[in-house]
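To be precise, the following lines are run.txt, and they hold compact mmCIF, C-alpha atoms.
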# COMPACT_ATOMS: atom_id res chain seq x y z
CA MET A 1 -81.12 32.22 26.79
CA GLY A 2 -77.75 33.17 25.31
CA TRP A 3 -75.18 35.84 26.09
CA TYR A 4 -76.22 38.90 28.08
CA MET A 5 -73.91 41.92 28.09
CA THR A 6 -73.58 45.03 30.21
CA SER A 7 -71.13 47.82 30.96
CA ASP A 8 -72.47 47.89 34.54
CA LEU A 9 -69.94 46.04 36.68
CA ASP A 10 -72.26 45.92 39.68
CA ARG A 11 -74.99 44.28 37.64
CA PHE A 12 -72.49 41.78 36.26
CA LEU A 13 -71.24 40.80 39.70
CA ALA A 14 -74.77 40.60 41.10
CA THR A 15 -75.79 38.22 38.30
CA ALA A 16 -72.64 36.18 37.62
CA GLY A 17 -70.75 36.63 40.88
CA ASP A 18 -72.01 33.46 42.56
CA TYR A 19 -71.19 31.39 39.48
CA LEU A 20 -67.65 32.79 39.32
CA LYS A 21 -67.06 32.33 43.05
CA SER A 22 -68.35 28.76 43.00
CA ARG A 23 -65.37 27.97 40.76
CA ALA A 24 -63.03 30.58 42.19
CA ALA A 25 -59.81 28.67 41.50
CA GLU A 26 -60.69 28.13 37.83
CA ASN A 27 -61.93 31.71 37.47
CA ALA A 28 -59.16 33.44 39.43
CA LEU A 29 -57.98 35.55 36.48
CA LEU A 30 -61.44 36.87 35.67
CA LEU A 31 -62.26 37.53 39.33
CA SER A 32 -59.01 39.49 39.75
CA ALA A 33 -59.72 41.49 36.58
CA ALA A 34 -63.21 42.34 37.83
CA GLN A 35 -61.74 43.40 41.17
CA ALA A 36 -59.22 45.64 39.35
CA ALA A 37 -62.02 47.15 37.26
CA HIS A 38 -63.97 47.90 40.43
CA THR A 39 -60.93 49.58 42.01
CA ALA A 40 -60.24 51.64 38.87
CA ARG A 41 -63.84 52.81 38.72
CA ALA A 42 -63.79 53.80 42.40
CA GLU A 43 -60.62 55.84 41.82
CA LEU A 44 -62.19 57.62 38.85
CA ASP A 45 -65.29 58.40 40.90
CA THR A 46 -63.12 59.79 43.69
CA HIS A 47 -61.17 62.03 41.29
CA ALA A 48 -64.40 63.27 39.71
CA GLU A 49 -65.84 64.09 43.14
CA LEU A 50 -62.69 66.00 44.13
CA ASP A 51 -62.75 67.93 40.86
CA ALA A 52 -66.37 68.86 41.47
CA GLN A 53 -65.58 70.03 45.02
CA ASP A 54 -62.77 72.19 43.65
CA GLY A 55 -65.05 73.68 41.05
CA HIS A 56 -63.26 72.04 38.11
CA ALA A 57 -64.83 70.10 35.31
CA ALA A 58 -64.10 66.42 35.44
CA ALA A 59 -61.35 65.40 33.06
CA GLU A 60 -62.29 63.17 30.17
CA VAL A 61 -60.47 59.93 30.87
CA ALA A 62 -61.98 57.35 28.56
CA THR A 63 -61.07 57.73 24.90
CA GLY A 64 -62.69 54.58 23.57
CA PRO A 65 -64.96 51.66 24.46
CA GLY A 66 -64.67 50.71 28.10
CA PRO A 67 -64.86 47.27 29.69
CA LEU A 68 -67.80 45.06 28.79
CA PHE A 69 -69.07 42.22 30.96
CA GLY A 70 -71.37 39.34 30.24
CA TRP A 71 -72.77 35.96 31.21
CA TRP A 72 -74.30 32.96 29.46
CA ASP A 73 -77.83 32.10 30.54
CA PRO A 74 -78.79 28.49 29.64
CA PRO A 75 -82.18 27.60 28.17
CA ASP A 76 -83.45 26.16 31.46
CA GLY A 77 -82.87 29.48 33.26
CA SER A 78 -80.88 27.76 35.99
CA GLY A 79 -78.36 30.59 36.30
CA PRO A 80 -75.14 31.61 34.54
CA ARG A 81 -72.98 28.84 33.10
CA GLY A 82 -70.29 31.06 31.61
CA ALA A 83 -69.01 34.62 31.79
CA PHE A 84 -66.58 37.03 30.17
CA LEU A 85 -64.80 40.31 30.76
CA HIS A 86 -63.67 42.30 27.74
CA ASP A 87 -61.21 45.17 28.03
CA PRO A 88 -60.26 46.13 24.44
CA SER A 89 -56.64 46.75 25.49
CA VAL A 90 -56.02 43.14 26.58
CA PRO A 91 -57.18 39.65 25.56
CA LEU A 92 -60.79 38.73 26.26
CA LEU A 93 -61.18 36.70 29.48
CA ILE A 94 -63.60 33.78 29.37
CA ALA A 95 -64.99 31.65 32.22
CA GLY A 96 -66.57 28.33 31.32
CA ARG A 97 -65.27 25.46 29.22
CA ALA A 98 -68.14 24.81 26.78
CA PRO A 99 -66.90 25.34 23.20
CA GLU A 100 -70.41 26.07 21.86
CA THR A 101 -71.01 28.99 24.22
CA ALA A 102 -67.56 30.42 23.46
CA ALA A 103 -68.24 30.26 19.72
CA ALA A 104 -71.58 31.98 20.28
CA LEU A 105 -69.77 34.73 22.18
CA ALA A 106 -67.75 35.54 19.07
CA ALA A 107 -70.97 36.25 17.18
CA ALA A 108 -72.37 38.33 20.05
CA LEU A 109 -69.25 40.49 20.37
CA ALA A 110 -69.06 40.95 16.60
CA LYS A 111 -72.67 42.13 16.57
CA ALA A 112 -71.85 44.56 19.39
CA GLY A 113 -68.99 45.99 17.29
CA ARG A 114 -66.26 45.11 19.78
CA PHE A 115 -62.60 44.89 18.82
CA VAL A 116 -60.96 41.75 20.23
CA ARG A 117 -57.17 41.45 20.11
CA GLY A 118 -56.97 38.03 21.72
CA VAL A 119 -58.62 35.55 24.07
CA ASP A 120 -57.55 33.95 27.36
CA GLY A 121 -59.59 31.12 28.82
CA PRO A 122 -59.96 27.38 29.34
CA ALA A 123 -58.29 25.72 26.36
CA SER A 124 -61.47 24.30 24.82
CA ALA A 125 -63.33 27.60 25.10
CA ALA A 126 -60.39 29.72 23.90
CA ASP A 127 -59.89 27.50 20.85
CA ALA A 128 -63.58 27.63 19.94
CA PHE A 129 -63.81 31.40 20.35
CA ALA A 130 -60.63 32.00 18.35
CA ALA A 131 -61.79 29.82 15.46
CA ALA A 132 -65.15 31.61 15.28
CA TRP A 133 -63.63 35.08 15.61
CA SER A 134 -60.92 34.41 13.07
CA GLN A 135 -63.50 33.30 10.54
CA ARG A 136 -65.63 36.38 11.10
CA ALA A 137 -62.81 38.93 11.22
CA GLY A 138 -60.51 37.41 8.61
CA LEU A 139 -57.61 37.24 11.07
CA ALA A 140 -54.92 34.69 11.75
CA ILE A 141 -54.65 32.97 15.14
CA ARG A 142 -51.32 33.02 16.95
CA VAL A 143 -50.65 30.98 20.08
CA HIS A 144 -49.30 33.36 22.71
CA GLY A 145 -49.11 30.80 25.47
CA LYS A 146 -50.57 27.67 27.04
CA SER A 147 -50.68 27.06 30.75
CA ARG A 148 -51.82 24.73 33.49
CA VAL A 149 -53.95 25.77 36.46
CA TYR A 150 -53.24 24.24 39.86
CA ARG A 151 -54.89 24.50 43.26
CA LEU A 152 -53.13 23.99 46.58
CA THR A 153 -54.46 21.04 48.56
CA GLU A 154 -54.91 21.51 52.28
CA THR A 155 -53.74 17.99 53.05
CA ALA A 156 -50.40 18.13 51.19
CA PRO A 157 -47.33 17.76 53.46
CA ALA A 158 -45.49 20.96 54.38
CA GLU A 159 -42.01 19.82 53.41
CA ASN A 160 -40.30 23.15 53.82
CA GLY A 161 -41.39 24.20 57.25
CA SER A 162 -44.48 25.58 58.89
CA ALA A 163 -46.70 28.28 57.50
CA ARG A 164 -46.62 29.94 60.89
CA ASN A 165 -43.01 31.01 61.03
CA GLY A 166 -41.84 30.47 57.46
CA SER A 167 -38.69 28.64 58.50
CA ALA A 168 -37.28 25.67 56.59
CA GLN A 169 -37.11 22.15 57.96
CA ASN A 170 -36.23 20.16 54.82
CA GLY A 171 -34.78 21.90 51.79
CA PRO A 172 -32.71 25.08 51.70
CA ALA A 173 -31.99 27.09 54.81
CA GLY A 174 -33.69 30.42 55.21
CA ARG A 175 -36.94 32.04 56.21
CA LEU A 176 -39.93 33.82 54.70
CA ARG A 177 -40.29 37.58 55.15
CA ILE A 178 -43.05 39.84 53.82
CA ALA A 179 -41.65 42.78 51.84
CA ALA A 180 -41.83 46.15 53.59
CA ALA A 181 -41.47 49.77 52.51
CA ALA A 182 -37.70 49.62 53.05
CA ASP A 183 -37.54 46.91 50.34
CA ARG A 184 -39.14 49.08 47.64
CA ALA A 185 -35.97 49.64 45.60
CA LEU A 186 -35.13 45.93 45.55
CA LEU A 187 -38.72 45.04 44.74
CA VAL A 188 -38.76 47.44 41.79
CA ALA A 189 -35.46 46.07 40.50
CA TRP A 190 -36.62 42.47 40.70
CA LEU A 191 -39.98 43.23 39.08
CA ARG A 192 -38.15 44.91 36.21
CA ALA A 193 -35.67 42.02 35.89
CA PHE A 194 -38.47 39.45 35.89
CA GLY A 195 -40.38 41.36 33.21
CA ALA A 196 -37.28 41.57 31.03
CA GLU A 197 -36.66 37.82 31.32
CA VAL A 198 -40.19 36.73 30.43
CA GLY A 199 -40.74 39.47 27.84
CA GLU A 200 -43.65 41.08 29.66
CA LEU A 201 -42.44 44.45 30.90
CA THR A 202 -45.03 46.38 32.88
CA ARG A 203 -45.61 50.04 32.26
CA SER A 204 -44.50 50.95 35.77
CA PRO A 205 -42.62 48.54 38.06
CA GLU A 206 -42.67 51.34 40.63
CA ALA A 207 -46.49 51.44 40.64
CA ASP A 208 -46.63 47.64 40.79
CA ALA A 209 -44.24 47.64 43.75
CA ASP A 210 -46.31 50.22 45.61
CA ASP A 211 -49.46 48.19 45.00
CA LEU A 212 -47.86 44.97 46.26
CA LEU A 213 -46.55 46.72 49.37
CA SER A 214 -50.00 48.16 50.11
CA TYR A 215 -51.48 44.72 50.86
CA GLY A 216 -48.44 42.59 51.69
CA GLY A 217 -48.44 40.94 48.28
CA ALA A 218 -44.68 40.34 47.97
CA ALA A 219 -42.46 38.11 50.06
CA PHE A 220 -38.77 37.19 50.11
CA TRP A 221 -36.91 34.02 50.97
CA GLU A 222 -33.95 35.18 53.02
CA VAL A 223 -30.63 33.56 53.74
CA GLY A 224 -29.03 36.50 55.47
CA GLN A 225 -30.38 38.58 52.59
CA PRO A 226 -33.18 38.14 50.02
CA VAL A 227 -32.41 35.32 47.55
CA ALA A 228 -35.85 34.76 45.96
CA MET A 229 -39.24 36.43 45.77
CA ALA A 230 -42.88 35.48 45.27
CA THR A 231 -45.85 37.75 44.71
CA ILE A 232 -49.54 37.00 45.18
CA THR A 233 -52.71 38.74 44.06
CA ARG A 234 -55.15 40.51 46.32
CA PRO A 235 -57.65 38.07 47.82
CA VAL A 236 -60.95 37.81 45.95
CA ALA A 237 -63.62 35.28 46.93
CA ARG A 238 -61.04 34.12 49.51
CA THR A 239 -58.79 33.04 46.67
CA VAL A 240 -55.26 34.25 45.91
CA ARG A 241 -52.98 33.45 43.00
CA ILE A 242 -49.20 33.22 42.99
CA ASN A 243 -48.44 35.39 39.97
CA MET A 244 -44.66 35.71 40.06
CA LEU A 245 -41.61 33.80 41.23
CA TYR A 246 -38.17 35.30 40.78
CA THR A 247 -34.66 34.27 41.80
CA PRO A 248 -31.63 36.36 40.75
CA PRO A 249 -29.33 34.43 38.37
CA GLU A 250 -26.53 34.18 40.93
CA CYS A 251 -28.87 32.53 43.47
CA ARG A 252 -30.47 29.91 41.22
CA ARG A 253 -30.26 26.12 41.46
CA ASN A 254 -30.42 26.18 45.23
CA GLY A 255 -34.13 25.44 45.70
CA TYR A 256 -34.94 28.97 46.84
CA ALA A 257 -37.84 29.49 44.40
CA ALA A 258 -39.54 26.30 45.57
CA ALA A 259 -38.93 27.30 49.18
CA VAL A 260 -40.51 30.75 48.87
CA MET A 261 -43.44 29.39 46.85
CA ARG A 262 -44.17 26.68 49.39
CA ALA A 263 -43.92 29.06 52.32
CA VAL A 264 -46.06 31.76 50.70
CA SER A 265 -48.67 29.21 49.63
CA ARG A 266 -49.08 27.77 53.09
CA ALA A 267 -49.01 31.15 54.80
CA ALA A 268 -51.88 32.27 52.55
CA LEU A 269 -53.87 29.11 53.22
CA ALA A 270 -53.27 29.46 56.95
CA GLY A 271 -54.51 33.05 56.77
CA GLN A 272 -57.57 34.47 55.04
CA ALA A 273 -57.37 32.50 51.79
CA ARG A 274 -59.50 29.42 51.23
CA GLU A 275 -57.79 28.55 47.95
CA VAL A 276 -54.34 29.26 46.51
CA VAL A 277 -53.96 29.08 42.74
CA LEU A 278 -50.84 28.62 40.63
CA ILE A 279 -50.78 29.05 36.85
CA THR A 280 -47.66 27.74 35.12
CA ASP A 281 -46.38 27.45 31.58
CA GLU A 282 -47.36 24.14 29.98
CA ASN A 283 -43.68 23.17 29.81
CA SER A 284 -43.21 23.35 33.58
CA PRO A 285 -42.98 19.83 35.03
CA GLN A 286 -46.20 18.74 36.74
CA ARG A 287 -44.25 16.72 39.30
CA LEU A 288 -42.79 19.91 40.77
CA ALA A 289 -46.25 21.39 41.38
CA ALA A 290 -47.41 18.09 42.86
CA ARG A 291 -44.38 17.96 45.15
CA LEU A 292 -45.26 21.43 46.42
CA GLY A 293 -48.81 20.35 47.21
CA TYR A 294 -50.70 21.49 44.10
CA GLU A 295 -53.24 19.51 42.08
CA LEU A 296 -54.01 20.12 38.41
CA ILE A 297 -57.53 21.47 37.83
CA GLY A 298 -57.43 22.73 34.25
CA GLU A 299 -55.55 24.03 31.23
CA ARG A 300 -55.71 27.47 29.65
CA ALA A 301 -54.73 28.99 26.33
CA THR A 302 -53.94 32.57 25.40
CA LEU A 303 -54.43 33.21 21.70
CA ARG A 304 -53.89 36.43 19.79
CA PHE A 305 -55.15 37.56 16.41
CA GLY A 306 -52.58 38.51 13.80
CA PRO A 307 -52.49 40.03 10.32
CA GLN A 308 -55.60 39.72 8.23
CA THR A 309 -55.79 36.55 6.19
CA GLY A 310 -58.77 37.52 4.06
CA PRO A 311 -59.73 40.46 1.85
CA GLN A 312 -62.65 41.47 4.10
CA PRO A 313 -61.61 42.26 7.68
CA ARG A 314 -65.03 43.79 8.48
CA LEU A 315 -66.87 41.84 11.16
CA ARG A 316 -70.09 40.15 10.16
CA GLY A 317 -72.56 40.14 13.02
Would you mind writing the file's structure down as structure tokens?
Amino acid sequence: MGWYMTSDLDRFLATAGDYLKSRAAENALLLSAAQAAHTARAELDTHAELDAQDGHAAAEVATGPGPLFGWWDPPDGSGPRGAFLHDPSVPLLIAGRAPETAAALAAALAKAGRFVRGVDGPASAADAFAAAWSQRAGLAIRVHGKSRVYRLTETAPAENGSARNGSAQNGPAGRLRIAAAADRALLVAWLRAFGAEVGELTRSPEADADDLLSYGGAAFWEVGQPVAMATITRPVARTVRINMLYTPPECRRNGYAAAVMRAVSRAALAGQAREVVLITDENSPQRLAARLGYELIGERATLRFGPQTGPQPRLRG
């Protein structure tokens, strides 16, 4: 009973994977993060193997605590009812809405000596964790963002054309086109422009563009030329998430963003994805998501910890 922790990603997925996948839409962020951790580990293993074949010592890559994974086991032993992924460089990711288990996680991570810079999870769980962590660490809580989580419904009407050909029937003229290698320069420019507008610049738009191109994760709405773009995550548990919509300033107020989002959503659902997830800022109108065929399934909060508010910042486990 309680929180179980491990640095073994395979063990984590073997134990908590079914729980996470059973609520794949709600847990899309954590599933994607686990997938990224798996890919990063595989790349490190490949580099180490190549170094060994070349007769070189493997380079020391990690300079601090690595990712930590965990799950909540209820008293009745019925299987995980919560999970987390902690990478010290980014906010803690929590799955599960129960405030009491989130508060208990704060004590468990403090005892393990982990440094937590923030938390991202269902609103009730994030609030409970932040309150418990702030009290233990003597830190202030700062709201970084609040968002709504939506899932595409299979029965919603396809107002903007079929998912098969991406053409518009109602709404703006144009068609959907998956970004190709020849679009790399434009893709990089739009990724950089989007990051500048939302205040979340990535370390390498070039690397992000190459990754998106490698699995067809970026698509344009074209009216003779690209006028809007949407990007989606790699599929995990047959679930994808629309993680970026961008329209250049000169092309806005024409319905192009809605057109590309609708077309990408339905193309994904018509393909390998079983669920398509959209996470929006809390200020985005719910009626727009509903009009595009999405239903609200939850709310999230991202909270960060600021300057110390007490004289004793040392964690008490």
Quiz prompt | Distance in Å - CA of Ile141 (chain A) versus CA of Pro307 (chain A) | solution =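 Between these atoms lies a distance of 8.8 Å.
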Practice problem: Please indicate the distance in Å from CA of Ala128 (chain A) to CA of Glu100 (chain A), rounded to one decimal place. | Solution: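 It comes out at 7.3 Å.
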Quiz prompt | Nearby residues, (-54.0, 18.5, 44.2) file frame, 10 Å, all atoms listed in the file, as a ChimeraX atom specification | solution = /A:150-156,289-297
Exercise. Could you check which of A:Arg241, A:Arg11, A:Arg252, A:Arg177 is closest to Ala24 (chain A), using all atoms listed in the file?
Key: A:Arg241
Self-check item: Test item: which residues lie within 10 Å of (-76.7, 32.5, 34.1) counting only C-alpha atoms, as a PyMOL selection string
Solution: chain A and resi 1-4+15-19+70-83
Quiz item: Expressed in Å to a single decimal, how great is the separation between CA of His144 (chain A) and CA of Ile279 (chain A)?
Solution: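 Answer for the CA of His144 (chain A) to CA of Ile279 (chain A) separation: 14.9 Å.
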Practice problem: Would you mind telling me which residue in A:Ala218, A:Val116, A:Val227, A:Ile178 lies nearest to Pro65 (chain A) when using all atoms listed in the file? | Solution: A:Val116
Exercise. Tell me which of A:Ala196, A:Leu13, A:Ala36, A:Val240 sits closest to Gly271 (chain A), counting all atoms listed in the file.
Key: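 Closest residue, counting all atoms listed in the file: A:Val240.
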Quiz prompt | Nearest candidate to Ser284 (chain A) (options A:Ala259, A:Ser147, A:Arg184, A:Pro91; using all atoms listed in the file) | solution = A:Ser147
Self-check item: Nearest to Arg114 (chain A) by atom-to-atom distance, counting only C-alpha atoms, from A:Ala180, A:Met5, A:Ala33, A:Ala131
Solution: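 With only C-alpha atoms as the atom set, the closest residue is A:Met5.
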Exercise. With a distance cut-off of 12 Å and all atoms listed in the file, select the neighbouring residues of Leu92 (chain A), excluding the residue or stretch itself and same-chain residues fewer than 3 positions from it, and output the selection as an MDAnalysis selection string.
Key: chainID A and resid 29:30 33 67:70 83:89 95 102 105:106 109 114:122 125:126 129:130 133 301:305
Quiz item: Using all atoms listed in the file, which of the listed residues (A:Ala270, A:Asn243, A:Val198, A:Ala107) sits closest to Gly145 (chain A)?
Solution: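 Ranking A:Ala270, A:Asn243, A:Val198, A:Ala107 by distance to Gly145 (chain A), first place goes to A:Val198.
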Nearby residues (only C-alpha atoms) at most 12 Å from Ala209 (chain A), same-chain spacing under 5 positions excluded, as a PDB file with C-alpha atoms, in the frame of the given file:
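This went into part-v4.pdb:
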ATOM      1  CA  ALA A 179     -41.650  42.780  51.840  1.00  0.00           C
ATOM      2  CA  ALA A 180     -41.830  46.150  53.590  1.00  0.00           C
ATOM      3  CA  ALA A 181     -41.470  49.770  52.510  1.00  0.00           C
ATOM      4  CA  ALA A 182     -37.700  49.620  53.050  1.00  0.00           C
ATOM      5  CA  ASP A 183     -37.540  46.910  50.340  1.00  0.00           C
ATOM      6  CA  ARG A 184     -39.140  49.080  47.640  1.00  0.00           C
ATOM      7  CA  ALA A 185     -35.970  49.640  45.600  1.00  0.00           C
ATOM      8  CA  LEU A 186     -35.130  45.930  45.550  1.00  0.00           C
ATOM      9  CA  LEU A 187     -38.720  45.040  44.740  1.00  0.00           C
ATOM     10  CA  VAL A 188     -38.760  47.440  41.790  1.00  0.00           C
ATOM     11  CA  ALA A 189     -35.460  46.070  40.500  1.00  0.00           C
ATOM     12  CA  TRP A 190     -36.620  42.470  40.700  1.00  0.00           C
ATOM     13  CA  LEU A 191     -39.980  43.230  39.080  1.00  0.00           C
ATOM     14  CA  ARG A 192     -38.150  44.910  36.210  1.00  0.00           C
ATOM     15  CA  THR A 202     -45.030  46.380  32.880  1.00  0.00           C
ATOM     16  CA  ARG A 203     -45.610  50.040  32.260  1.00  0.00           C
ATOM     17  CA  SER A 204     -44.500  50.950  35.770  1.00  0.00           C
ATOM     18  CA  SER A 214     -50.000  48.160  50.110  1.00  0.00           C
ATOM     19  CA  TYR A 215     -51.480  44.720  50.860  1.00  0.00           C
ATOM     20  CA  GLY A 216     -48.440  42.590  51.690  1.00  0.00           C
ATOM     21  CA  GLY A 217     -48.440  40.940  48.280  1.00  0.00           C
ATOM     22  CA  ALA A 218     -44.680  40.340  47.970  1.00  0.00           C
ATOM     23  CA  ALA A 219     -42.460  38.110  50.060  1.00  0.00           C
ATOM     24  CA  THR A 231     -45.850  37.750  44.710  1.00  0.00           C
ATOM     25  CA  ILE A 232     -49.540  37.000  45.180  1.00  0.00           C
TER      26      ILE A 232
END
Any chance you could work out the axis-aligned box around region 244-260 of chain A, listed atoms only, 5 Å on each side, giving centre and edge lengths in Å to one decimal, as JSON?
{"center_x": -35.6, "center_y": 30.9, "center_z": 43.8, "size_x": 28.1, "size_y": 20.9, "size_z": 20.8}
